[in-house]
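Below is work-v6.cif, holding mmCIF, C-alpha atoms and all ligand atoms.
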```
data_upload
loop_
_atom_site.label_atom_id
_atom_site.label_comp_id
_atom_site.auth_asym_id
_atom_site.auth_seq_id
_atom_site.Cartn_x
_atom_site.Cartn_y
_atom_site.Cartn_z
CA MET A 1 -93.08 -181.74 -52.11
CA THR A 2 -92.62 -181.17 -55.82
CA LEU A 3 -96.07 -181.76 -57.32
CA PHE A 4 -98.82 -179.15 -57.06
CA SER A 5 -102.49 -179.10 -58.00
CA ARG A 6 -105.81 -177.48 -57.24
CA ASN A 7 -107.02 -178.38 -53.78
CA GLY A 8 -109.91 -180.62 -54.59
CA ARG A 9 -112.14 -183.23 -53.22
CA ALA A 10 -110.89 -186.70 -52.51
CA ASP A 11 -113.31 -189.05 -54.23
CA SER A 12 -114.93 -192.26 -53.08
CA LEU A 13 -115.56 -194.62 -55.96
CA THR A 14 -115.05 -198.10 -57.32
CA VAL A 15 -112.93 -199.20 -60.26
CA GLU A 16 -113.24 -202.64 -61.76
CA GLY A 17 -111.49 -204.46 -64.57
CA ARG A 18 -108.46 -206.44 -65.62
CA VAL A 19 -105.85 -204.78 -63.43
CA VAL A 20 -102.37 -204.73 -64.94
CA ALA A 21 -99.62 -203.23 -62.79
CA PRO A 22 -96.38 -204.66 -64.22
CA ALA A 23 -94.11 -203.04 -61.60
CA GLN A 24 -96.08 -204.94 -58.94
CA SER A 25 -96.55 -208.15 -60.99
CA ILE A 26 -100.34 -207.75 -60.89
CA ASP A 27 -102.50 -209.03 -63.77
CA GLU A 28 -105.94 -210.14 -62.59
CA HIS A 29 -109.58 -209.12 -62.52
CA LEU A 30 -110.10 -206.96 -59.47
CA ARG A 31 -112.46 -204.50 -57.87
CA ILE A 32 -110.68 -201.54 -56.28
CA THR A 33 -112.54 -199.49 -53.70
CA ILE A 34 -111.38 -195.93 -53.14
CA GLU A 35 -112.48 -194.02 -50.06
CA ALA A 36 -111.61 -190.34 -49.66
CA GLY A 37 -108.97 -190.68 -52.35
CA VAL A 38 -107.22 -193.69 -50.83
CA ILE A 39 -107.41 -197.32 -51.99
CA SER A 40 -109.22 -199.03 -49.12
CA ARG A 41 -110.03 -202.47 -50.53
CA ILE A 42 -108.88 -204.71 -53.38
CA GLU A 43 -110.87 -207.87 -54.07
CA PRO A 44 -111.33 -210.36 -56.90
CA SER A 45 -114.06 -209.59 -59.43
CA GLY A 46 -115.64 -211.06 -62.53
CA SER A 47 -114.21 -210.42 -65.94
CA SER A 48 -114.60 -206.99 -67.51
CA ARG A 49 -113.54 -205.61 -70.86
CA LEU A 50 -111.88 -202.58 -69.30
CA LEU A 51 -108.23 -202.50 -68.35
CA VAL A 52 -107.11 -200.71 -65.18
CA ALA A 53 -103.48 -199.68 -64.68
CA PRO A 54 -101.42 -197.30 -62.57
CA ALA A 55 -101.95 -193.87 -64.13
CA PHE A 56 -99.24 -192.40 -66.35
CA VAL A 57 -96.41 -190.03 -65.44
CA ASP A 58 -95.02 -187.64 -68.07
CA PRO A 59 -91.59 -186.27 -67.21
CA HIS A 60 -91.47 -183.83 -70.14
CA VAL A 61 -94.26 -181.37 -70.94
CA HIS A 62 -94.24 -177.77 -72.19
CA LEU A 63 -97.11 -175.84 -70.62
CA ARG A 64 -96.06 -172.51 -72.24
CA THR A 65 -96.91 -170.68 -69.03
CA PRO A 66 -95.89 -167.98 -68.26
CA GLY A 67 -95.73 -166.07 -71.52
CA ARG A 68 -97.64 -168.01 -74.17
CA GLU A 69 -100.99 -168.69 -72.57
CA ASP A 70 -102.52 -168.54 -76.06
CA GLU A 71 -100.78 -171.89 -76.72
CA GLU A 72 -101.35 -173.60 -73.36
CA THR A 73 -102.26 -172.79 -69.77
CA LEU A 74 -101.80 -174.80 -66.63
CA ARG A 75 -105.49 -175.58 -66.80
CA SER A 76 -105.67 -176.63 -70.47
CA GLY A 77 -102.40 -178.54 -70.33
CA THR A 78 -103.39 -180.50 -67.24
CA GLU A 79 -106.86 -181.16 -68.67
CA ALA A 80 -105.07 -182.62 -71.71
CA ALA A 81 -102.91 -184.70 -69.34
CA ALA A 82 -106.01 -185.98 -67.54
CA ALA A 83 -107.56 -186.96 -70.88
CA GLY A 84 -104.36 -188.82 -71.71
CA GLY A 85 -104.44 -190.88 -68.51
CA TYR A 86 -101.74 -189.00 -66.59
CA CYS A 87 -101.67 -188.53 -62.83
CA ALA A 88 -98.46 -186.45 -62.77
CA ILE A 89 -96.52 -184.32 -65.24
CA LEU A 90 -93.37 -182.23 -65.17
CA ALA A 91 -93.33 -178.86 -66.94
CA MET A 92 -90.27 -177.41 -68.67
CA PRO A 93 -88.81 -174.02 -67.69
CA ASN A 94 -88.18 -172.55 -71.18
CA THR A 95 -91.02 -170.08 -70.78
CA ASP A 96 -91.13 -166.29 -70.95
CA PRO A 97 -89.74 -165.43 -68.47
CA VAL A 98 -87.57 -168.51 -67.96
CA VAL A 99 -88.16 -170.35 -64.67
CA ASP A 100 -84.76 -169.42 -63.28
CA SER A 101 -85.67 -167.60 -60.05
CA ALA A 102 -87.65 -168.29 -56.92
CA ALA A 103 -90.06 -165.49 -57.87
CA VAL A 104 -91.04 -167.03 -61.23
CA LEU A 105 -91.21 -170.53 -59.78
CA GLY A 106 -93.24 -169.38 -56.78
CA ALA A 107 -95.81 -167.69 -59.02
CA LEU A 108 -96.15 -170.89 -61.08
CA VAL A 109 -96.64 -173.01 -57.98
CA GLU A 110 -99.41 -170.63 -56.87
CA ARG A 111 -101.09 -170.88 -60.26
CA ALA A 112 -100.84 -174.67 -60.19
CA ARG A 113 -102.57 -174.69 -56.82
CA GLU A 114 -105.45 -172.79 -58.44
CA GLU A 115 -105.60 -174.30 -61.92
CA ALA A 116 -103.82 -177.64 -62.28
CA VAL A 117 -106.28 -180.55 -62.39
CA VAL A 118 -103.41 -183.08 -62.44
CA PRO A 119 -100.47 -182.84 -60.01
CA THR A 120 -97.80 -180.84 -61.80
CA GLY A 121 -94.14 -180.38 -61.04
CA PHE A 122 -91.93 -177.66 -62.42
CA MET A 123 -88.38 -178.07 -63.58
CA ALA A 124 -86.25 -174.98 -63.08
CA ALA A 125 -83.50 -173.86 -65.42
CA ILE A 126 -79.91 -175.02 -65.06
CA SER A 127 -78.54 -171.65 -66.11
CA LYS A 128 -79.85 -168.11 -65.73
CA GLY A 129 -81.94 -167.20 -68.77
CA GLN A 130 -80.95 -170.62 -70.18
CA ARG A 131 -77.90 -168.85 -71.55
CA GLY A 132 -75.56 -171.62 -70.45
CA GLU A 133 -73.26 -169.27 -68.55
CA GLU A 134 -74.19 -168.74 -64.92
CA LEU A 135 -75.92 -171.43 -62.84
CA THR A 136 -79.26 -170.70 -61.19
CA GLU A 137 -79.59 -170.76 -57.39
CA MET A 138 -80.34 -174.47 -57.36
CA ALA A 139 -80.62 -174.95 -53.60
CA GLU A 140 -83.06 -172.05 -53.28
CA LEU A 141 -85.11 -173.26 -56.27
CA ALA A 142 -85.26 -176.77 -54.81
CA ASP A 143 -86.55 -175.29 -51.55
CA CYS A 144 -89.26 -173.47 -53.53
CA GLY A 145 -90.40 -176.75 -55.11
CA ALA A 146 -88.30 -177.26 -58.26
CA ALA A 147 -88.74 -180.89 -59.27
CA ALA A 148 -85.50 -181.11 -61.28
CA PHE A 149 -83.26 -178.90 -63.41
CA THR A 150 -83.05 -178.58 -67.18
CA ASP A 151 -82.26 -176.04 -69.88
CA ASP A 152 -84.54 -177.97 -72.27
CA GLY A 153 -84.94 -176.31 -75.64
CA VAL A 154 -81.24 -175.58 -75.70
CA PRO A 155 -78.15 -177.55 -74.64
CA VAL A 156 -75.66 -176.56 -71.96
CA VAL A 157 -72.83 -175.94 -74.39
CA SER A 158 -70.00 -175.42 -71.89
CA ALA A 159 -68.65 -178.64 -70.38
CA GLY A 160 -67.42 -176.65 -67.38
CA VAL A 161 -70.89 -175.26 -66.69
CA MET A 162 -72.35 -178.75 -67.12
CA ARG A 163 -69.95 -180.25 -64.61
CA ARG A 164 -70.78 -177.62 -62.01
CA ALA A 165 -74.49 -178.14 -62.74
CA LEU A 166 -74.04 -181.83 -61.91
CA GLN A 167 -72.32 -180.95 -58.64
CA TYR A 168 -74.80 -178.28 -57.53
CA SER A 169 -77.93 -180.17 -58.53
CA SER A 170 -76.63 -183.09 -56.51
CA LEU A 171 -76.19 -180.83 -53.47
CA ALA A 172 -79.77 -179.61 -54.05
CA GLN A 173 -80.87 -183.28 -54.24
CA ARG A 174 -82.52 -182.87 -57.62
CA ARG A 175 -81.92 -184.59 -60.97
CA LEU A 176 -80.49 -182.94 -64.04
CA ALA A 177 -82.51 -183.59 -67.21
CA LEU A 178 -80.54 -182.91 -70.35
CA HIS A 179 -81.41 -181.82 -73.87
CA CYS A 180 -78.34 -183.15 -75.69
CA GLU A 181 -77.45 -181.15 -78.78
CA GLU A 182 -74.13 -179.97 -80.21
CA PRO A 183 -75.26 -176.68 -81.78
CA THR A 184 -72.38 -176.31 -84.21
CA LEU A 185 -73.56 -179.58 -85.79
CA SER A 186 -77.32 -179.00 -85.59
CA ARG A 187 -77.30 -175.37 -86.69
CA ASP A 188 -79.65 -174.74 -89.62
CA GLY A 189 -80.73 -178.37 -89.38
CA HIS A 190 -84.39 -179.07 -90.13
CA ALA A 191 -84.37 -182.86 -90.62
CA HIS A 192 -82.22 -185.92 -89.86
CA GLU A 193 -79.06 -185.96 -91.96
CA GLY A 194 -79.76 -188.68 -94.49
CA GLU A 195 -81.35 -189.49 -97.81
CA VAL A 196 -84.67 -187.78 -97.11
CA ALA A 197 -83.16 -184.45 -96.06
CA ALA A 198 -80.80 -184.58 -99.04
CA GLU A 199 -83.61 -185.28 -101.51
CA LEU A 200 -85.80 -182.54 -100.08
CA GLY A 201 -82.92 -180.10 -99.77
CA LEU A 202 -83.52 -179.60 -96.04
CA GLY A 203 -80.69 -178.52 -93.76
CA PRO A 204 -79.23 -181.68 -92.13
CA TYR A 205 -79.31 -182.33 -88.37
CA PRO A 206 -76.92 -185.27 -87.91
CA SER A 207 -77.23 -187.98 -85.26
CA ALA A 208 -73.79 -187.00 -83.96
CA ALA A 209 -75.25 -183.63 -82.87
CA GLU A 210 -77.09 -185.61 -80.22
CA SER A 211 -74.79 -188.55 -79.50
CA LEU A 212 -71.64 -186.45 -79.00
CA MET A 213 -73.36 -184.47 -76.25
CA VAL A 214 -74.81 -187.66 -74.76
CA GLU A 215 -71.27 -189.08 -74.58
CA ARG A 216 -69.88 -185.87 -73.09
CA ASP A 217 -72.55 -185.68 -70.44
CA LEU A 218 -72.24 -189.36 -69.54
CA ALA A 219 -68.47 -188.91 -69.23
CA LEU A 220 -68.94 -185.91 -66.92
CA ALA A 221 -71.50 -187.79 -64.82
CA ALA A 222 -69.15 -190.80 -64.60
CA GLY A 223 -66.33 -188.53 -63.47
CA GLU A 224 -68.52 -187.16 -60.68
CA ALA A 225 -70.21 -190.53 -60.01
CA LEU A 226 -73.58 -188.74 -60.20
CA PRO A 227 -76.87 -189.65 -61.89
CA LEU A 228 -78.38 -187.77 -64.81
CA HIS A 229 -81.43 -188.05 -67.05
CA LEU A 230 -81.21 -187.88 -70.84
CA MET A 231 -84.22 -186.38 -72.55
CA HIS A 232 -85.87 -187.41 -75.83
CA LEU A 233 -83.20 -189.73 -77.27
CA SER A 234 -83.49 -190.13 -81.03
CA ALA A 235 -80.29 -191.73 -82.37
CA ARG A 236 -79.02 -195.30 -82.11
CA GLU A 237 -75.53 -193.98 -81.30
CA SER A 238 -76.99 -192.30 -78.20
CA VAL A 239 -78.60 -195.57 -77.13
CA ALA A 240 -75.26 -197.37 -77.59
CA ALA A 241 -73.49 -194.76 -75.43
CA LEU A 242 -76.11 -195.17 -72.70
CA ARG A 243 -75.72 -198.96 -72.80
CA ARG A 244 -71.95 -198.61 -72.32
CA ALA A 245 -72.50 -196.25 -69.39
CA HIS A 246 -74.87 -198.75 -67.76
CA VAL A 247 -72.29 -201.55 -68.17
CA GLU A 248 -69.86 -199.32 -66.30
CA GLY A 249 -72.41 -198.86 -63.53
CA LEU A 250 -73.47 -195.27 -64.13
CA PRO A 251 -77.00 -194.55 -62.81
CA ALA A 252 -78.11 -192.66 -65.94
CA THR A 253 -81.74 -192.77 -67.06
CA ALA A 254 -83.34 -191.80 -70.35
CA GLU A 255 -86.66 -191.09 -71.99
CA VAL A 256 -88.02 -191.49 -75.51
CA THR A 257 -91.05 -189.87 -77.17
CA PRO A 258 -93.97 -191.57 -78.93
CA HIS A 259 -93.07 -189.83 -82.19
CA HIS A 260 -89.49 -191.10 -82.18
CA LEU A 261 -90.79 -194.60 -81.41
CA CYS A 262 -93.42 -194.60 -84.17
CA LEU A 263 -92.09 -192.47 -87.01
CA THR A 264 -88.96 -192.11 -89.14
CA ASP A 265 -87.71 -189.32 -91.35
CA GLU A 266 -89.78 -190.88 -94.16
CA ALA A 267 -92.68 -188.94 -92.59
CA VAL A 268 -90.86 -185.70 -93.39
CA ARG A 269 -91.51 -186.27 -97.10
CA SER A 270 -95.01 -184.88 -96.42
CA LEU A 271 -93.36 -181.58 -95.41
CA ASP A 272 -96.03 -181.41 -92.73
CA PRO A 273 -94.74 -179.01 -90.04
CA ASN A 274 -96.34 -181.35 -87.48
CA VAL A 275 -93.54 -183.87 -88.01
CA LYS A 276 -90.86 -181.26 -87.31
CA MET A 277 -89.33 -181.56 -83.87
CA ASN A 278 -86.00 -181.32 -82.05
CA PRO A 279 -84.32 -183.79 -82.10
CA PRO A 280 -85.63 -184.75 -85.54
CA LEU A 281 -87.21 -188.02 -86.63
CA ARG A 282 -84.40 -190.34 -87.68
CA GLY A 283 -83.98 -193.54 -89.67
CA GLU A 284 -85.68 -196.92 -89.26
CA GLU A 285 -82.56 -198.40 -87.60
CA ASP A 286 -82.68 -195.60 -85.03
CA ARG A 287 -86.38 -196.15 -84.42
CA ARG A 288 -85.79 -199.86 -83.91
CA ALA A 289 -82.90 -199.20 -81.54
CA LEU A 290 -85.17 -196.96 -79.46
CA VAL A 291 -87.92 -199.59 -79.29
CA GLU A 292 -85.36 -202.26 -78.35
CA ALA A 293 -83.92 -199.99 -75.63
CA LEU A 294 -87.40 -199.38 -74.23
CA ARG A 295 -88.06 -203.12 -74.30
CA ASP A 296 -84.86 -204.14 -72.51
CA GLY A 297 -84.94 -201.30 -69.96
CA THR A 298 -82.00 -199.27 -71.24
CA ILE A 299 -84.62 -196.53 -71.64
CA THR A 300 -87.16 -196.67 -68.82
CA ALA A 301 -89.45 -193.73 -69.60
CA VAL A 302 -91.82 -192.61 -72.31
CA ALA A 303 -92.06 -188.80 -72.36
CA THR A 304 -94.34 -186.90 -74.70
CA ASP A 305 -92.28 -183.68 -75.01
CA HIS A 306 -95.76 -182.16 -75.51
CA ALA A 307 -94.90 -178.88 -77.25
CA PRO A 308 -97.94 -176.79 -78.19
CA HIS A 309 -97.64 -174.19 -80.94
CA ALA A 310 -100.09 -171.61 -82.22
CA ARG A 311 -101.62 -172.43 -85.58
CA HIS A 312 -100.15 -169.40 -87.32
CA GLU A 313 -96.66 -170.45 -86.25
CA LYS A 314 -96.95 -173.97 -87.63
CA ASP A 315 -98.98 -172.94 -90.70
CA VAL A 316 -95.84 -172.03 -92.66
CA PRO A 317 -93.33 -173.84 -94.91
CA PHE A 318 -91.46 -176.70 -93.19
CA GLU A 319 -88.18 -174.83 -92.90
CA ASP A 320 -89.85 -171.82 -91.23
CA ALA A 321 -91.88 -173.85 -88.75
CA PRO A 322 -90.84 -174.11 -85.10
CA PHE A 323 -89.88 -177.49 -83.62
CA GLY A 324 -92.37 -179.44 -81.53
CA VAL A 325 -95.59 -181.45 -81.51
CA THR A 326 -98.31 -182.11 -78.96
CA GLY A 327 -98.71 -185.54 -77.42
CA LEU A 328 -100.43 -185.75 -74.03
CA GLU A 329 -103.81 -186.85 -75.36
CA THR A 330 -102.54 -189.39 -77.88
CA ALA A 331 -99.46 -191.01 -76.29
CA PHE A 332 -101.00 -194.23 -75.01
CA ALA A 333 -103.23 -194.87 -78.02
CA ALA A 334 -100.45 -194.04 -80.49
CA LEU A 335 -98.03 -196.48 -78.86
CA TYR A 336 -100.70 -199.14 -78.32
CA THR A 337 -101.81 -198.92 -81.96
CA ARG A 338 -98.39 -198.55 -83.59
CA LEU A 339 -96.21 -200.75 -81.34
CA VAL A 340 -98.27 -203.07 -79.13
CA LEU A 341 -100.84 -204.29 -81.67
CA PRO A 342 -98.20 -205.15 -84.33
CA GLY A 343 -96.19 -207.00 -81.66
CA GLU A 344 -93.17 -204.71 -81.37
CA LEU A 345 -93.73 -203.98 -77.66
CA SER A 346 -95.74 -205.76 -74.97
CA LEU A 347 -98.65 -204.02 -73.28
CA GLU A 348 -97.00 -204.65 -69.90
CA THR A 349 -93.77 -202.95 -70.94
CA LEU A 350 -95.66 -199.97 -72.36
CA LEU A 351 -97.68 -199.54 -69.15
CA GLU A 352 -94.54 -199.79 -67.00
CA ARG A 353 -92.56 -197.30 -69.12
CA MET A 354 -95.42 -194.78 -68.96
CA SER A 355 -95.86 -194.94 -65.18
CA ALA A 356 -93.38 -196.52 -62.74
CA GLY A 357 -90.43 -196.07 -65.13
CA PRO A 358 -90.63 -192.28 -65.50
CA ALA A 359 -91.60 -191.81 -61.84
CA ARG A 360 -88.43 -193.62 -60.73
CA ALA A 361 -86.24 -191.85 -63.27
CA LEU A 362 -87.22 -188.41 -61.94
CA GLY A 363 -87.64 -189.33 -58.28
CA LEU A 364 -91.43 -188.85 -58.25
CA PRO A 365 -93.86 -190.94 -56.21
CA GLU A 366 -94.56 -194.19 -58.06
CA PRO A 367 -98.26 -194.84 -58.73
CA ARG A 368 -99.09 -198.12 -56.99
CA ILE A 369 -102.17 -200.27 -56.66
CA GLU A 370 -102.24 -201.29 -53.01
CA VAL A 371 -104.39 -200.73 -49.95
CA GLY A 372 -103.44 -197.47 -48.25
CA ALA A 373 -102.02 -195.83 -51.40
CA ARG A 374 -103.44 -192.64 -52.90
CA ALA A 375 -105.48 -193.66 -55.94
CA ASN A 376 -103.63 -192.97 -59.21
CA LEU A 377 -105.39 -195.09 -61.81
CA VAL A 378 -106.23 -195.09 -65.48
CA GLU A 379 -109.09 -197.05 -66.99
CA LEU A 380 -108.55 -198.04 -70.63
CA ASP A 381 -110.80 -199.50 -73.30
CA LEU A 382 -108.37 -201.35 -75.56
CA ASP A 383 -111.04 -202.17 -78.14
CA ALA A 384 -112.27 -198.62 -78.65
CA GLU A 385 -111.35 -196.97 -81.93
CA TRP A 386 -111.28 -193.22 -82.20
CA GLN A 387 -110.21 -190.60 -84.65
CA VAL A 388 -107.74 -187.88 -83.70
CA THR A 389 -109.33 -184.51 -84.51
CA GLU A 390 -108.60 -180.92 -83.58
CA ALA A 391 -112.01 -180.61 -81.98
CA GLY A 392 -111.21 -183.53 -79.67
CA PHE A 393 -108.24 -181.87 -77.98
CA ARG A 394 -108.37 -180.25 -74.55
CA SER A 395 -104.99 -178.71 -75.30
CA LEU A 396 -105.24 -175.18 -76.68
CA SER A 397 -102.98 -176.27 -79.55
CA ALA A 398 -103.53 -178.92 -82.19
CA ASN A 399 -100.09 -179.45 -83.73
CA SER A 400 -100.33 -183.23 -83.52
CA TRP A 401 -98.63 -185.62 -85.96
CA LEU A 402 -101.68 -187.86 -85.59
CA LEU A 403 -104.42 -185.54 -86.89
CA GLY A 404 -106.90 -187.55 -88.93
CA GLU A 405 -105.48 -190.91 -87.79
CA THR A 406 -107.66 -193.63 -86.32
CA LEU A 407 -106.22 -195.10 -83.13
CA ARG A 408 -107.10 -198.09 -80.96
CA GLY A 409 -107.19 -197.85 -77.17
CA ARG A 410 -108.96 -195.11 -75.35
CA VAL A 411 -108.65 -193.57 -71.91
CA VAL A 412 -112.05 -193.96 -70.24
CA ARG A 413 -111.27 -192.56 -66.80
CA THR A 414 -108.31 -191.05 -64.98
CA ILE A 415 -107.95 -190.84 -61.21
CA ALA A 416 -105.08 -188.60 -60.09
CA ASP A 417 -104.10 -188.24 -56.44
CA GLY A 418 -107.46 -189.60 -55.33
CA ARG A 419 -109.64 -187.46 -57.59
CA GLU A 420 -111.49 -188.41 -60.73
CA VAL A 421 -110.06 -185.86 -63.20
CA PHE A 422 -111.27 -187.41 -66.44
CA PRO A 423 -113.94 -187.35 -67.64
CA ALA A 424 -114.26 -183.97 -65.95
ZN ZN B 501 -85.50 -180.70 -75.80
ZN ZN B 502 -88.94 -180.34 -74.66
#
```
Could you render the structure as structure tokens?
Amino acid sequence: MTLFSRNGRADSLTVEGRVVAPAQSIDEHLRITIEAGVISRIEPSGSSRLLVAPAFVDPHVHLRTPGREDEETLRSGTEAAAAGGYCAILAMPNTDPVVDSAAVLGALVERAREEAVVPTGFMAAISKGQRGEELTEMAELADCGAAAFTDDGVPVVSAGVMRRALQYSSLAQRRLALHCEEPTLSRDGHAHEGEVAAELGLGPYPSAAESLMVERDLALAAGEALPLHLMHLSARESVAALRRAHVEGLPATAEVTPHHLCLTDEAVRSLDPNVKMNPPLRGEEDRRALVEALRDGTITAVATDHAPHARHEKDVPFEDAPFGVTGLETAFAALYTRLVLPGELSLETLLERMSAGPARALGLPEPRIEVGARANLVELDLDAEWQVTEAGFRSLSANSWLLGETLRGRVVRTIADGREVFPA
């Protein structure tokens, strides 16, 4: 068991609409009856303007707990997830203290059982203190409920440590999720190395800082014949490396964020700290390569990398601002508005890559629409237009790249593990 939430009621309710579950080849008007949290009946229904899909799974969220509960708590972060249509999320361990011991992990699991409105899993660190030197006790952490291992926020610089991490995580039967960054190339980098960074005089963060580490980690995984998961890919060279690894039969998976799919480094010209993230926004060719990879299944997961920051930390000049943007509450609408409506991505592919795709990549239960399954459903109004405002966020932070934007497609209702969690 790797997902934890508040013990709650199991609801009995009915959901009706155009049901689209691409992983199950379902696209028809249906009425779904849920009894005590379990789908008990599925029958044909008349047409409805609402769309019903398997709820979303986010494999990459920063809940800032413990240590920065002013930025996010398990409650606020999971309320944001519920508002975004998610039925499961995975939280990153780069907190204060780092989730690198059974004691820290155990305390988080207890808090999730009291506060989390959406089932939440916790990744534990690969290395103690995320210092990249000594591995954590992976078997013990897995026993305590660690969903996977990552040092997200920083790379595992030593290839030797990385290889042992692959071996030990495999023994613990958990995935490794990797933040790929070569720090001697990315150091002092604030924006993608290219024309925009040069014109603005911002420290360059080249694509090779990511793709070199992607290639190293894929080579190590191939040598061990073990799977691994690549987080937040941003560069077309990384996508090319992953394609080559797939041709050679390596079971590597990858995720991509809404901001890397929708924006390029042109957005950095605004010097808005809310378009500063790690890895940085790259060029249009990179963005297109990411969309193509999501379309053809080279990348099977959309991950928000929801990274809340306090206002005073982001309210500074671009170069002083920390990396990271929020995303849980806007992911679907942003991708529907920016990619599906203009015809770059099909609705079916988007729904699959936000639900079954990430669940499979991280070994989580796959939300399914079938009799006997726990209900994990999202109801969407594709015609609804809404404006992204600070006041609209459940998250305690508002560092969104979409503030002020009008988006199409709205989450109307979220059912997670048999409970209606949104609207609350
Ligand atoms: Zn990262
Ligand atoms: Zn992250």
*asked:* Around the point (-76.2, -177.2, -56.4) (coordinates from the file), which residues reach within 12 Å if we count all atoms listed in the file? Answer as a list of chain:residue names.
replied: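 Residues satisfying the cut-off, written out: A:Ile126, A:Ser127, A:Leu135, A:Thr136, A:Glu137, A:Met138, A:Ala139, A:Glu140, A:Leu141, A:Ala142, A:Asp143, A:Ala148, A:Phe149, A:Val161, A:Met162, A:Arg163, A:Arg164, A:Ala165, A:Leu166, A:Gln167, A:Tyr168, A:Ser169, A:Ser170, A:Leu171, A:Ala172, A:Gln173, A:Arg174, A:Arg175, A:Leu176.
If one restricts the calculation to only C-alpha atoms and all ligand atoms, the set of residues situated within 6 Å of ligand ZN 501 (chain B) consists of Asp152, Gly153 and His179 of chain A.
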Write to file, as a PDB file, keeping the file's coordinate frame, the residues of the selection just made, with C-alpha atoms.
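Final output, saved to out_20.pdb:
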```pdb
ATOM      1  CA  ASP A 152     -84.540-177.970 -72.270  1.00  0.00           C
ATOM      2  CA  GLY A 153     -84.940-176.310 -75.640  1.00  0.00           C
ATOM      3  CA  HIS A 179     -81.410-181.820 -73.870  1.00  0.00           C
TER       4      HIS A 179
END
```
*asked:* Considering all atoms listed in the file, can you say which of A:Glu195, A:Cys262, A:Pro66, A:Thr95 comes closest to A:Pro342?
replied: A:Cys262
Around all listed atoms of stretch 397-408 of chain A, padded 3 Å per side, what centre and edge lengths does the axis-aligned box have in Å to one decimal, as lines of an AutoDock Vina configuration file?
```
center_x = -103.1
center_y = -187.2
center_z = -84.2
size_x = 15.0
size_y = 27.8
size_z = 15.4
```
_Nearby polymer residues, ligand ZN 502 (chain B), at most 7 Å, only C-alpha atoms and all ligand atoms, as a list of chain:residue names_ =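 So the residues close to ligand ZN 502 (chain B) are A:His60, A:Val61, A:His62, A:Met92, A:Asp152, A:Gly153, A:Asp305, A:Ala307.
Atom pair atom CA of A:His246 / atom CA of A:Leu228: separated by 11.9 Å.
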If you take all atoms listed in the file and a cut-off of 12 Å, which residues of stretch 197-247 of chain A touch stretch 317-325 of chain A, and what are their nearest atom pairs and distances in Å to one decimal, in chain and number order, as CSV?
```
residue,atom,partner,partner_atom,distance
A:Ala197,CA,A:Glu319,CA,11.3
A:Leu200,CA,A:Phe318,CA,10.7
A:Gly201,CA,A:Glu319,CA,10.1
A:Leu202,CA,A:Glu319,CA,7.4
A:Gly203,CA,A:Glu319,CA,8.4
A:Pro204,CA,A:Glu319,CA,11.3
A:His232,CA,A:Gly324,CA,11.8
```
*asked:* I'd like to know which of A:Asp96, A:Glu224, A:Glu366, A:Glu313 is closest to A:Asn274, using all atoms listed in the file.
replied: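 Selected residue with least distance to A:Asn274: A:Glu313.
Nearest residue to A:Ser48 among A:Leu226, A:Val19, A:Val247, A:Val302 is A:Val19, counting only C-alpha atoms.
Here atom CA of A:Ser395 stands at a distance of 6.6 Å from atom CA of A:Glu72.
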